[in-house]
Structures are given as C-alpha cells and as structure tokens.
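Below: one structure, written as structure tokens.
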Number of protein chains: 2
Amino acid sequence: MDKFSRNQRVSAITKILLENPNKVITLNTFTELFNAAKSTISEDLIIVRETIARLSVGKVDTVAGASGGVRYTCGISEDESKSFAMELCNVLKEKDRIIPGNYIYMTDIMYNPQIIRKAGVILASKFNNLEVDYVVTVETKGIPLAFEVAKNLGVQLVIVRRDNKVTEGTTVSLNYVTGSTKRIQTMSLSRKSIKKGSKCVFIDDFMKAGGTALGIINLLKEFDSELLSIGVLIEDIETTEKLVPEYISIVEYSGLDDNGAAIVQPSNAFKK
Amino acid sequence: MDKFSRNQRVSAITKILLENPNKVITLNTFTELFNAAKSTISEDLIIVRETIARLSVGKVDTVAGASGGVRYTCGISEDESKSFAMELCNVLKEKDRIIPGNYIYMTDIMYNPQIIRKAGVILASKFNNLEVDYVVTVETKGIPLAFEVAKNLGVQLVIVRRDNKVTEGTTVSLNYVTGSTKRIQTMSLSRKSIKKGSKCVFIDDFMKAGGTALGIINLLKEFDSELLSIGVLIEDIETTEKLVPEYISIVEYSGLDDNGAAIVQPSNAFKK
C-alpha cells in the first residue's frame, strides 16, 4: 500500500478525532493506520491541534502515561454561538409557528439535524469540565438534542419514559408535579440504565418552572446518582420562579407580542 | 490574519464537509474562509477527496454550474460494516440482556452514541441514491438512530407519536394492528411535519412482522407521500411473514438458544 501523504494523514486524523470526542486515542492507533513513525504522527497532530484551535472548534490535548495519546474536546467560538442563538430567535419568531392555545410549534426545529447538531455542541461545551457519566432526557422532543450532547461528551444517553415498557426490565417509576400547570405526571426508568454513583446532566427542549428537571433530580436519587447541571434550548422567562437552581438555556421566551409572534431573545450568555 | 497553511486548510475542509453531508458547498465559501485563490482550494479539495475515498468513508463530488461546488456523501467500507454487524451480534449475545418475558434488553445499545453513529452511517449509505426528503421513525427507541440517518442524508427527521400533543397543532391519527401480536395501536403526526409529495425512509430499532412499518406507509398516504425504503438495526427472522416488501437490517435475531442467550447473526448484506 502506498504511504499516506502528510495532507492525507492530517485530513484523516481530523476525521477520527472529531468522531471520538473525549476519548483518548493512542499514537499507536495512528502509526498503525498510516504505517508511519511516531515522530511523523506527532507532527501531524500539531497541525491538527493548531487548526482546531484556530477555527475555535474545540481543542486537542495530549494525555501522558502508558495509556496516553490525544483527546479531542468539542467546542465552538463565542461568535458562532451568539449568531446561532440569534438565528434561532428569528426562526422562532415566524408567525405561522403559533398554533391554537398560543403554543409555539417547534417540533421541526428540535428534529432538524443541522440546528440540533450545533445546539448540541454549544451545550456540550458548557459541560466539558464536569466529568459527566450520562446525559439524561425525558421523551420525546428533546431526544435528538440530548443525543448530540451525549455524543459530544462521549457518554451514554439515558431516556426517561412516560410509561414503563416490558422491554425495559425492572423499572423505577416516580410521580411528579409539573411546575407551571400543576399536573401530575409519571416518569419511569429502567434499573439497568444508570450505574450507582453517577453524575448526570439533564437536557430538554423547553423549560418553564423546571418541574420535570426537579422530577429528574428525585428520580436520580433512586439510582444514588446526582444531577450536575441542566441544559435547555429554550427557557420560558415568564415563569420567574424556578424549581431548580442552575441551568443553561440558549434562548429566552417571554410570551407573544401584539401581533401574535413569539417574543424571544438570546439568553444572557449568548447576547451579542 | 496569517494565511492558513495547506495542511490546516485540508484539516478544516475535511471537518466542514463531514459536518454537511449531501449539501453543496460553493468554492467561494472556502476561498472566503481561508482568504485563498480558487485554484488553491481546488487543489486542497483533491487531497480531501482522495483521502476520503482511500479511507472508504464516503465520497466528495464536484457539482457544476452557477450554484456549483462540492458535496460530501457519507459512506463506510464493506469491511467496517461487516465488523460492526459482528460486534453488535456479540453485544446482543450477552446473557444478562435477557429480561423477564424473554425480551432482549437493548435500550443501552440504541442510546449509545458510538454504536448508533456507526449504524446511522451504514443505513444512510444504503439510501444515498434515493433522493429522500424525510427520515421517519416512531417514538421512542429508534429516535437516535433515525436522527443519525437523517443527519447523514442531510434531511429533516420526523417522529411519529403514540398520542397527540397540544403542542403539535392539527394532527393526523391512525389506528393500526401490530403484525405479530395483533394489538391495536395509534400513531399520530402533525399536519405541519411533512410536505405533500415527499419521499421518506422509515427507521426503527427492531422489526418483527412489519406492522408498524405498514402503519407508516398508510399514515404517509394521508400526507400524499411515499415510503421508499425501511432500515432497522435488528430484524426478527422467526416472524417469516413480513407485511412490507423491502427493508434493510443489520442483524438478524431468531430467538434464544438452550442457554438462554440470543441467537443473532449479521444480515445477509453484512455477512463476512
């Protein structure tokens, strides 16, 4: 087999690192794949590291020791995050999104891979330092976003169900009261899904008072596990009293204006 | 700003193309981003194209004309697909996966980003030529896989619900009979979610007789839309009479062996 050129190796290494966030990849992996010397691969990695830093799309660290290698951590520039929040606001303001009951139709946004891919990087990059074991969400609308966050953090996704299914084995079920409408809801999670003593972040599409998030905190206690933080795409700031202390949102929603369009703005961290 | 070196441009172009499958990116995008001449970018693209072809991870095409540019299409080598199917079989055979009722616990597999990312590429690469408008799934377990397939095809994901939600606006609901257990189920989809005359593929985690898939075909008719193909991670081949003519599966399941472990093998297309 012909040797790979430097350019080809750099292109290939970029691909491999981006597809394996938060995972240590040994130099041997690359020396074997490209049939190249360690010194050569080290030089390649410097180029990839510089490019990733320069484009503000995360960082590449060297991990020392016997099981050492390199690790890519996701990231996104402040500028791009802010532009994203602003563009998302413009999409949410579209008048034909308002459906009977003054709800905003946002299903298409939550299931749009291009939008959710970027939102996933923005949220995941806020949790990179937390040593997260699981990303947790409640079915259904937040699942793609939670999946992207989990992928970018290199951890397993856990989906809490509304009912318990026979295919889940033993489950823990919990009743909770939604914070804003005071309805009683059920959430259910398989015993097998979370190891004891785990650290989790909760991801959802929309947060009003945070009743669901509080339910998750209590559900995780049943697994002797802990909720470290919360990330949502959109936060309802009309509901001022929140049941949870700490969370990150990308966009703030505060009802409809006189023309029947949504009033939205980037959350503080993403204001230009 | 310092100019980017060739190596840096190649690394950056790889990243941008991989994140935008099936989307035409103009040469101008790159010339502006890197402040480089068209001829320079063209040479960069040749390197990226060769690397992607050599690694068997898809292909890069040139699109001619005024709105021309380059387009990345996802792909995966036959070898890697087959290894993936085999590894998945080994995971499924783990004895502690069998839960009361002789079901296989596979929730952790369906929510594992590393596994699902690869399965998504394998299935998407089978549909690259179909000019798909939407990837459709039914909640809940197949959502991450369907999302990955949609992302790799560069199209919108559509999730059919089991009930209808007030936040979905006008919905179309349909009762259908599951093929194997003959239970009546409901599926429900927002009117806003699919444009008339669309072409779809259906993605799910598991298929027995295909009753759900048949329900999707009928539901899509209500949207004057068409199901082109079906992709599932695991197919139950004990249920020999299928209600749908054509589908792709990665792994075949045929019950439990005498030791109570799952009998699984790669599907024909993925046999070594």
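The way I read the labels, and the way they are meant: chains A, B, ... in the order of the structure tokens, residue 1 as the first residue of every chain, and ligand 1 as the first ligand shown, with later ones counted on from there.
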**Message:** Residues near Gly120 (chain B), anyone? I mean within 9 Å using only C-alpha atoms, not counting same-chain ones fewer than 3 positions away, as an MDAnalysis selection string.
**Reply:** chainID B and resid 115:117 123:125 144:152
Prev. selection, N, CA and C atoms, output as a PDB file, in the first residue's frame:
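Written output follows (selection23.pdb):
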ATOM      1  N   ILE B 115     -22.118   3.472  19.021  1.00  0.00           N
ATOM      2  CA  ILE B 115     -22.747   2.408  18.225  1.00  0.00           C
ATOM      3  C   ILE B 115     -23.712   3.001  17.200  1.00  0.00           C
ATOM      4  N   ILE B 116     -24.542   3.911  17.665  1.00  0.00           N
ATOM      5  CA  ILE B 116     -25.601   4.442  16.796  1.00  0.00           C
ATOM      6  C   ILE B 116     -25.048   5.336  15.691  1.00  0.00           C
ATOM      7  N   ARG B 117     -23.949   6.043  15.995  1.00  0.00           N
ATOM      8  CA  ARG B 117     -23.309   6.860  14.955  1.00  0.00           C
ATOM      9  C   ARG B 117     -22.919   5.982  13.769  1.00  0.00           C
ATOM     10  N   LEU B 123     -26.687   2.550   7.543  1.00  0.00           N
ATOM     11  CA  LEU B 123     -28.026   2.599   6.938  1.00  0.00           C
ATOM     12  C   LEU B 123     -28.140   3.759   5.944  1.00  0.00           C
ATOM     13  N   ALA B 124     -27.646   4.937   6.332  1.00  0.00           N
ATOM     14  CA  ALA B 124     -27.768   6.103   5.438  1.00  0.00           C
ATOM     15  C   ALA B 124     -27.089   5.833   4.104  1.00  0.00           C
ATOM     16  N   SER B 125     -25.927   5.146   4.146  1.00  0.00           N
ATOM     17  CA  SER B 125     -25.193   4.942   2.900  1.00  0.00           C
ATOM     18  C   SER B 125     -25.962   4.028   1.939  1.00  0.00           C
ATOM     19  N   PRO B 144     -32.694   8.041  18.232  1.00  0.00           N
ATOM     20  CA  PRO B 144     -31.301   8.415  17.967  1.00  0.00           C
ATOM     21  C   PRO B 144     -30.786   7.857  16.635  1.00  0.00           C
ATOM     22  N   LEU B 145     -31.127   6.599  16.317  1.00  0.00           N
ATOM     23  CA  LEU B 145     -30.686   6.010  15.058  1.00  0.00           C
ATOM     24  C   LEU B 145     -31.274   6.764  13.865  1.00  0.00           C
ATOM     25  N   ALA B 146     -32.569   7.050  13.935  1.00  0.00           N
ATOM     26  CA  ALA B 146     -33.223   7.774  12.842  1.00  0.00           C
ATOM     27  C   ALA B 146     -32.618   9.163  12.684  1.00  0.00           C
ATOM     28  N   PHE B 147     -32.294   9.787  13.811  1.00  0.00           N
ATOM     29  CA  PHE B 147     -31.677  11.122  13.772  1.00  0.00           C
ATOM     30  C   PHE B 147     -30.325  11.065  13.059  1.00  0.00           C
ATOM     31  N   GLU B 148     -29.525  10.048  13.358  1.00  0.00           N
ATOM     32  CA  GLU B 148     -28.225   9.901  12.715  1.00  0.00           C
ATOM     33  C   GLU B 148     -28.374   9.669  11.214  1.00  0.00           C
ATOM     34  N   VAL B 149     -29.350   8.838  10.836  1.00  0.00           N
ATOM     35  CA  VAL B 149     -29.576   8.590   9.406  1.00  0.00           C
ATOM     36  C   VAL B 149     -29.986   9.894   8.723  1.00  0.00           C
ATOM     37  N   ALA B 150     -30.898  10.654   9.355  1.00  0.00           N
ATOM     38  CA  ALA B 150     -31.348  11.929   8.785  1.00  0.00           C
ATOM     39  C   ALA B 150     -30.170  12.886   8.626  1.00  0.00           C
ATOM     40  N   LYS B 151     -29.314  12.951   9.644  1.00  0.00           N
ATOM     41  CA  LYS B 151     -28.179  13.869   9.599  1.00  0.00           C
ATOM     42  C   LYS B 151     -27.236  13.483   8.472  1.00  0.00           C
ATOM     43  N   ASN B 152     -26.987  12.176   8.322  1.00  0.00           N
ATOM     44  CA  ASN B 152     -26.079  11.718   7.273  1.00  0.00           C
ATOM     45  C   ASN B 152     -26.659  11.902   5.878  1.00  0.00           C
TER      46      ASN B 152
END
**Item:** Check: which chain A residues lie within 6 Å of chain B using only C-alpha atoms, as a PyMOL selection string
**Value:** chain A and resi 7-8+10-11+14+51+99+103+111-113+151+156-157+167+169
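For Ile237 (chain A), the residues within 9 Å (counting only C-alpha atoms, excluding itself and residues fewer than 6 positions away along the chain) are Met207, Lys208, Ala209, Glu252, Tyr253, Ser254 and Gly255 of chain A.
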**Request:** Once DSSP has gone over the backbone, tell me which residues of region 23-245 of chain A are in alpha helix (DSSP H), as a PyMOL selection string.
**Result:** chain A and resi 27-34+38-54+78-92+107-110+113-127+143-153+211-221
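Considering only region 127-183 of chain A, backbone DSSP assigns strand (DSSP E or B) to Tyr134, Val135, Val136, Thr137, Val138, Gln156, Leu157, Val158, Ile159, Val160, Arg161, Thr171, Val172, Ser173, Leu174, Asn175, Tyr176 and Val177 of chain A.
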